[in-house]
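Shown below: coords27.cif, with mmCIF, C-alpha atoms and all ligand atoms.
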```
data_input
#
loop_
_atom_site.group_PDB
_atom_site.id
_atom_site.type_symbol
_atom_site.label_atom_id
_atom_site.label_comp_id
_atom_site.auth_asym_id
_atom_site.auth_seq_id
_atom_site.Cartn_x
_atom_site.Cartn_y
_atom_site.Cartn_z
ATOM 1 C CA MET A 150 36.177 -5.748 12.637
ATOM 2 C CA ASN A 151 38.001 -8.484 14.545
ATOM 3 C CA CYS A 152 40.384 -10.806 12.741
ATOM 4 C CA PRO A 153 38.450 -13.994 11.892
ATOM 5 C CA TYR A 154 41.528 -16.081 12.673
ATOM 6 C CA CYS A 155 42.848 -14.701 15.971
ATOM 7 C CA GLY A 156 40.200 -12.189 17.045
ATOM 8 C CA HIS A 157 42.597 -9.248 17.160
ATOM 9 C CA PRO A 158 40.636 -5.992 16.807
ATOM 10 C CA ASP A 159 43.078 -4.091 14.581
ATOM 11 C CA SER A 160 43.784 -4.602 10.929
ATOM 12 C CA LYS A 161 45.150 -2.473 8.123
ATOM 13 C CA VAL A 162 43.561 -2.023 4.727
ATOM 14 C CA VAL A 163 45.802 -3.373 1.996
ATOM 15 C CA ASP A 164 43.429 -2.844 -0.908
ATOM 16 C CA SER A 165 40.012 -1.295 -1.380
ATOM 17 C CA ARG A 166 37.743 -1.155 -4.362
ATOM 18 C CA ASP A 167 34.149 -0.480 -5.296
ATOM 19 C CA ALA A 168 31.974 -3.574 -5.504
ATOM 20 C CA ASN A 169 28.366 -3.284 -6.639
ATOM 21 C CA GLU A 170 26.652 -1.011 -4.128
ATOM 22 C CA GLY A 171 29.469 -1.047 -1.611
ATOM 23 C CA ILE A 172 33.163 -1.207 -0.976
ATOM 24 C CA ARG A 173 35.308 -4.295 -0.767
ATOM 25 C CA ARG A 174 38.349 -4.041 1.461
ATOM 26 C CA ARG A 175 41.221 -6.438 1.654
ATOM 27 C CA ARG A 176 42.620 -6.314 5.175
ATOM 28 C CA GLN A 177 45.596 -7.684 7.029
ATOM 29 C CA CYS A 178 45.513 -8.506 10.729
ATOM 30 C CA LEU A 179 48.052 -6.462 12.676
ATOM 31 C CA SER A 180 48.592 -9.311 15.092
ATOM 32 C CA CYS A 181 48.766 -12.589 13.133
ATOM 33 C CA GLY A 182 49.190 -11.141 9.638
ATOM 34 C CA ALA A 183 46.283 -13.134 8.152
ATOM 35 C CA ARG A 184 44.419 -11.532 5.265
ATOM 36 C CA PHE A 185 40.660 -11.301 5.012
ATOM 37 C CA THR A 186 38.033 -9.313 3.121
ATOM 38 C CA THR A 187 35.269 -7.069 4.375
ATOM 39 C CA TYR A 188 32.364 -5.614 2.435
ATOM 40 C CA GLU A 189 30.747 -2.340 3.285
ATOM 41 C CA ARG A 190 27.243 -1.855 1.991
ATOM 42 C CA VAL A 191 25.516 1.439 1.710
ATOM 43 C CA GLN A 192 22.353 1.284 3.746
ATOM 44 C CA PRO A 193 20.437 4.464 4.561
ATOM 45 C CA ALA A 194 18.549 4.304 7.866
ATOM 46 C CA SER A 195 17.312 1.060 9.300
ATOM 47 C CA LEU A 196 14.042 -0.163 7.940
ATOM 48 C CA PHE A 197 11.552 -2.179 9.928
ATOM 49 C CA VAL A 198 9.050 -4.668 8.628
ATOM 50 C CA ILE A 199 5.611 -4.785 10.220
ATOM 51 C CA LYS A 200 4.627 -8.416 10.650
ATOM 52 C CA LYS A 201 1.085 -9.767 10.570
ATOM 53 C CA ASP A 202 0.884 -9.768 14.360
ATOM 54 C CA GLU A 203 2.073 -6.108 14.416
ATOM 55 C CA ARG A 204 5.532 -7.022 15.669
ATOM 56 C CA ARG A 205 8.388 -5.087 14.077
ATOM 57 C CA GLU A 206 11.437 -6.786 12.744
ATOM 58 C CA GLU A 207 14.439 -5.149 11.151
ATOM 59 C CA PHE A 208 14.437 -5.628 7.378
ATOM 60 C CA SER A 209 16.869 -8.337 6.392
ATOM 61 C CA ARG A 210 18.133 -8.550 2.845
ATOM 62 C CA ASP A 211 19.497 -12.019 3.564
ATOM 63 C CA LYS A 212 16.169 -13.301 4.758
ATOM 64 C CA LEU A 213 14.481 -11.961 1.639
ATOM 65 C CA LEU A 214 17.176 -13.494 -0.545
ATOM 66 C CA ILE A 215 16.809 -16.912 1.128
ATOM 67 C CA GLY A 216 13.036 -16.908 0.610
ATOM 68 C CA ILE A 217 13.292 -15.982 -3.047
ATOM 69 C CA ARG A 218 16.168 -18.394 -3.710
ATOM 70 C CA LYS A 219 14.078 -21.196 -2.286
ATOM 71 C CA ALA A 220 11.197 -20.335 -4.592
ATOM 72 C CA CYS A 221 13.567 -20.212 -7.574
ATOM 73 C CA GLU A 222 15.401 -23.434 -6.721
ATOM 74 C CA LYS A 223 16.266 -25.510 -9.812
ATOM 75 C CA ARG A 224 14.444 -23.090 -12.123
ATOM 76 C CA PRO A 225 16.315 -22.278 -15.343
ATOM 77 C CA LEU A 226 16.933 -18.646 -14.434
ATOM 78 C CA PRO A 227 19.969 -16.698 -15.616
ATOM 79 C CA THR A 228 22.785 -16.386 -13.090
ATOM 80 C CA GLY A 229 22.335 -13.285 -11.012
ATOM 81 C CA ALA A 230 18.601 -12.931 -11.733
ATOM 82 C CA VAL A 231 17.650 -13.605 -8.122
ATOM 83 C CA ASP A 232 20.270 -11.249 -6.707
ATOM 84 C CA LYS A 233 19.147 -8.565 -9.127
ATOM 85 C CA LEU A 234 15.546 -9.039 -8.056
ATOM 86 C CA VAL A 235 16.521 -8.631 -4.403
ATOM 87 C CA ASP A 236 18.680 -5.600 -5.238
ATOM 88 C CA ASP A 237 15.730 -3.993 -7.030
ATOM 89 C CA ILE A 238 13.341 -4.601 -4.158
ATOM 90 C CA GLU A 239 15.822 -3.361 -1.584
ATOM 91 C CA ALA A 240 16.469 -0.202 -3.592
ATOM 92 C CA GLU A 241 12.737 0.386 -3.993
ATOM 93 C CA LEU A 242 12.111 -0.102 -0.281
ATOM 94 C CA TYR A 243 14.792 2.348 0.770
ATOM 95 C CA HIS A 244 13.653 4.724 -1.920
ATOM 96 C CA LEU A 245 10.245 4.899 -0.224
ATOM 97 C CA GLY A 246 12.046 6.572 2.652
ATOM 98 C CA LYS A 247 9.711 5.161 5.281
ATOM 99 C CA PRO A 248 10.975 3.941 8.662
ATOM 100 C CA GLU A 249 8.710 0.891 8.550
ATOM 101 C CA ILE A 250 6.780 -1.005 5.967
ATOM 102 C CA ALA A 251 4.161 -3.770 6.030
ATOM 103 C CA GLY A 252 5.480 -7.239 5.246
ATOM 104 C CA ALA A 253 2.539 -7.634 2.875
ATOM 105 C CA VAL A 254 3.834 -4.777 0.729
ATOM 106 C CA ILE A 255 7.196 -6.474 0.381
ATOM 107 C CA GLY A 256 5.500 -9.793 -0.386
ATOM 108 C CA ASP A 257 3.475 -8.163 -3.139
ATOM 109 C CA MET A 258 6.614 -6.590 -4.606
ATOM 110 C CA VAL A 259 8.293 -9.997 -4.726
ATOM 111 C CA MET A 260 5.249 -11.668 -6.254
ATOM 112 C CA GLY A 261 4.868 -9.004 -8.907
ATOM 113 C CA ARG A 262 8.456 -9.498 -9.987
ATOM 114 C CA LEU A 263 8.436 -13.286 -9.813
ATOM 115 C CA LYS A 264 5.289 -13.336 -11.898
ATOM 116 C CA SER A 265 7.093 -11.705 -14.775
ATOM 117 C CA LEU A 266 10.203 -13.821 -14.227
ATOM 118 C CA ASP A 267 9.030 -17.381 -13.664
ATOM 119 C CA TYR A 268 5.553 -18.747 -12.967
ATOM 120 C CA ILE A 269 6.746 -21.793 -11.044
ATOM 121 C CA ALA A 270 8.836 -19.657 -8.696
ATOM 122 C CA TYR A 271 5.859 -17.330 -8.371
ATOM 123 C CA ILE A 272 3.497 -20.150 -7.375
ATOM 124 C CA ARG A 273 6.019 -21.536 -4.900
ATOM 125 C CA PHE A 274 6.504 -18.148 -3.301
ATOM 126 C CA ALA A 275 2.788 -17.376 -3.294
ATOM 127 C CA SER A 276 1.918 -20.698 -1.698
ATOM 128 C CA VAL A 277 4.172 -19.940 1.259
ATOM 129 C CA TYR A 278 3.483 -16.246 1.460
ATOM 130 C CA ARG A 279 -0.266 -16.323 0.923
ATOM 131 C CA GLU A 280 -0.478 -19.484 2.970
ATOM 132 C CA PHE A 281 -2.686 -21.353 0.546
ATOM 133 C CA THR A 282 -4.681 -23.426 2.958
ATOM 134 C CA ASP A 283 -6.426 -25.596 0.434
ATOM 135 C CA ILE A 284 -6.009 -26.860 -3.071
ATOM 136 C CA THR A 285 -8.784 -24.571 -4.335
ATOM 137 C CA ALA A 286 -6.809 -21.409 -3.566
ATOM 138 C CA LEU A 287 -3.801 -22.878 -5.328
ATOM 139 C CA LYS A 288 -5.889 -23.958 -8.310
ATOM 140 C CA GLN A 289 -7.384 -20.479 -8.644
ATOM 141 C CA GLU A 290 -3.924 -18.951 -8.769
ATOM 142 C CA VAL A 291 -2.753 -21.477 -11.367
ATOM 143 C CA ASP A 292 -5.907 -20.950 -13.445
ATOM 144 C CA THR A 293 -5.243 -17.216 -13.472
ATOM 145 C CA LEU A 294 -1.722 -17.848 -14.708
ATOM 146 C CA LEU A 295 -2.881 -20.330 -17.338
ATOM 147 C CA SER A 296 -5.385 -17.889 -18.778
ATOM 148 C CA ALA A 297 -2.584 -15.326 -19.020
ATOM 149 C CA GLU A 298 -0.365 -17.951 -20.630
ATOM 150 C CA ALA A 299 -1.939 -17.365 -24.062
ATOM 151 C CA SER A 300 0.030 -14.108 -24.173
ATOM 152 C CA PRO A 301 2.852 -14.433 -21.637
ATOM 153 C CA PRO A 302 5.315 -11.600 -21.129
ATOM 154 C CA ALA A 303 8.338 -11.961 -23.413
ATOM 155 C CA SER A 304 10.607 -12.624 -20.445
ATOM 156 C CA GLN A 305 8.463 -15.468 -19.159
ATOM 157 C CA LEU A 306 9.478 -19.100 -19.317
ATOM 158 C CA PRO A 307 6.647 -21.298 -20.597
ATOM 159 C CA LEU A 308 4.687 -22.998 -17.846
ATOM 160 C CA LEU A 309 3.512 -25.769 -20.140
ATOM 161 C CA PRO A 310 4.607 -26.884 -23.582
ATOM 162 C CA ASN A 311 2.852 -24.832 -26.247
ATOM 163 C CA ASP A 312 0.592 -27.542 -27.639
ATOM 164 C CA ARG A 313 -0.632 -28.412 -24.146
ATOM 165 C CA VAL A 314 -1.560 -24.767 -23.579
ATOM 166 C CA LYS A 315 -3.562 -24.645 -26.813
ATOM 167 C CA GLU A 316 -5.293 -27.863 -25.863
ATOM 168 C CA LEU A 317 -6.201 -26.433 -22.473
ATOM 169 C CA ALA A 318 -7.419 -23.190 -23.974
ATOM 170 C CA LYS A 319 -9.637 -25.185 -26.334
ATOM 171 C CA SER A 320 -11.157 -27.325 -23.600
ATOM 172 C CA ARG A 321 -11.687 -24.270 -21.405
ATOM 173 C CA GLY A 322 -13.407 -22.489 -24.277
ATOM 174 C CA ARG A 323 -15.674 -25.479 -24.787
ATOM 175 C CA SER A 324 -16.655 -25.780 -21.150
ATOM 176 C CA ARG A 325 -17.696 -22.155 -21.067
ATOM 177 C CA LYS A 326 -20.300 -22.609 -23.804
HETATM 178 ZN ZN ZN B 401 44.750 -12.142 13.348
#
```

In structure tokens, write the structure found in this file.
Amino acid sequence: MNCPYCGHPDSKVVDSRDANEGIRRRRQCLSCGARFTTYERVQPASLFVIKKDERREEFSRDKLLIGIRKACEKRPLPTGAVDKLVDDIEAELYHLGKPEIAGAVIGDMVMGRLKSLDYIAYIRFASVYREFTDITALKQEVDTLLSAEASPPASQLPLLPNDRVKELAKSRGRSRK
């Protein structure tokens, strides 16, 4: 690890402690004396993602995190919920113990978790990931969620105010007759 200030390759560890799934080390450059921090993460073997066009790309936690953060932008989620979601998926992926995994499998994992976390984030993610090409596909997905809205999971944030949901349920019931 080169010093971020002067580029010198040697540093000494002045402090080291466990941080989440890794180790945080406080270091001091042996040349300029500047202090900086490094994080070591435990990561079994490398994992490759099979893309739609069959290309392989090394799994990137950061890329996954960015995609999910974008979907969750401005949603009233508890601090750390997104990081926890990514942690869970990463752990599950490595737990599978496979050298490569289809991107679609990862996408489904994310969608399953977002669905029980926040419908808006779920729809945002699904619209990018499933590449909704027309409004009908999007509407179908929203309709599915709305029909589940009558008994949402306890952890779910309401998609619509309660009275609006009842109203919708009523009108849907009527149109079916
Ligand atoms: Zn230095």

Selected residue of minimal separation from A:Glu222 among A:Ala270, A:Cys181, A:Leu196, A:Met258, counting all atoms listed in the file: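 Distance minimum relative to A:Glu222 lands on A:Ala270.
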
Answer key for the PyMOL selection byres (((not hetatm)) within 9 of (chain B and resi 401)), residues as an NGL selection string: :A and (151-160 or 177-184)

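Proximity to A:Asp257 was assessed for A:Glu189, A:Ala275, A:Glu241, A:Thr228 counting all atoms listed in the file; the smallest distance is recorded for A:Ala275.
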
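Atom to atom, atom CA of A:Ala168 and atom CA of A:Asp211 stand 17.6 Å apart.
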
What does the PyMOL selection byres (((chain A and resi 214) around 12) and not hetatm) select in this file, as a PDB file with C-alpha atoms, in the coordinates of the input?
```
ATOM      1  CA  PHE A 208      14.437  -5.628   7.378  1.00  0.00           C
ATOM      2  CA  SER A 209      16.869  -8.337   6.392  1.00  0.00           C
ATOM      3  CA  ARG A 210      18.133  -8.550   2.845  1.00  0.00           C
ATOM      4  CA  ASP A 211      19.497 -12.019   3.564  1.00  0.00           C
ATOM      5  CA  LYS A 212      16.169 -13.301   4.758  1.00  0.00           C
ATOM      6  CA  LEU A 213      14.481 -11.961   1.639  1.00  0.00           C
ATOM      7  CA  ILE A 215      16.809 -16.912   1.128  1.00  0.00           C
ATOM      8  CA  GLY A 216      13.036 -16.908   0.610  1.00  0.00           C
ATOM      9  CA  ILE A 217      13.292 -15.982  -3.047  1.00  0.00           C
ATOM     10  CA  ARG A 218      16.168 -18.394  -3.710  1.00  0.00           C
ATOM     11  CA  LYS A 219      14.078 -21.196  -2.286  1.00  0.00           C
ATOM     12  CA  ALA A 220      11.197 -20.335  -4.592  1.00  0.00           C
ATOM     13  CA  CYS A 221      13.567 -20.212  -7.574  1.00  0.00           C
ATOM     14  CA  GLU A 222      15.401 -23.434  -6.721  1.00  0.00           C
ATOM     15  CA  GLY A 229      22.335 -13.285 -11.012  1.00  0.00           C
ATOM     16  CA  ALA A 230      18.601 -12.931 -11.733  1.00  0.00           C
ATOM     17  CA  VAL A 231      17.650 -13.605  -8.122  1.00  0.00           C
ATOM     18  CA  ASP A 232      20.270 -11.249  -6.707  1.00  0.00           C
ATOM     19  CA  LYS A 233      19.147  -8.565  -9.127  1.00  0.00           C
ATOM     20  CA  LEU A 234      15.546  -9.039  -8.056  1.00  0.00           C
ATOM     21  CA  VAL A 235      16.521  -8.631  -4.403  1.00  0.00           C
ATOM     22  CA  ASP A 236      18.680  -5.600  -5.238  1.00  0.00           C
ATOM     23  CA  ASP A 237      15.730  -3.993  -7.030  1.00  0.00           C
ATOM     24  CA  ILE A 238      13.341  -4.601  -4.158  1.00  0.00           C
ATOM     25  CA  GLU A 239      15.822  -3.361  -1.584  1.00  0.00           C
ATOM     26  CA  VAL A 259       8.293  -9.997  -4.726  1.00  0.00           C
ATOM     27  CA  PHE A 274       6.504 -18.148  -3.301  1.00  0.00           C
TER      28      PHE A 274
END
```

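For the atom pair formed by atom CA of A:Leu226 and atom CA of A:Leu263, the distance is 11.1 Å, given to one decimal.
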
Best match for closeness to A:Val254 among A:Met150, A:Leu287, A:Tyr278, A:Ala297, counting only C-alpha atoms: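 Looking only at the distances to A:Val254, the closest residue turns out to be A:Tyr278.
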
Distance of atom CA of A:Gly256 from atom CA of A:Ser195, expressed in Å to one decimal place: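 Computed distance, atom CA of A:Ser195 to atom CA of A:Gly256, equals 18.7 Å.
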
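Comparing A:Phe185, A:Arg190, A:Arg204, A:Thr282 by their smallest distance to A:Ile172, the closest is A:Arg190 (using only C-alpha atoms).
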
Resolved residues for the PyMOL selection byres (((chain A and resi 199) around 9) and not hetatm) as a count of residues only: 15

Spatial neighbours of A:Arg173, max dist 7 Å, all atoms listed in the file, sep filter under 5 positions, as a ChimeraX atom specification: /A:165-168,186-189
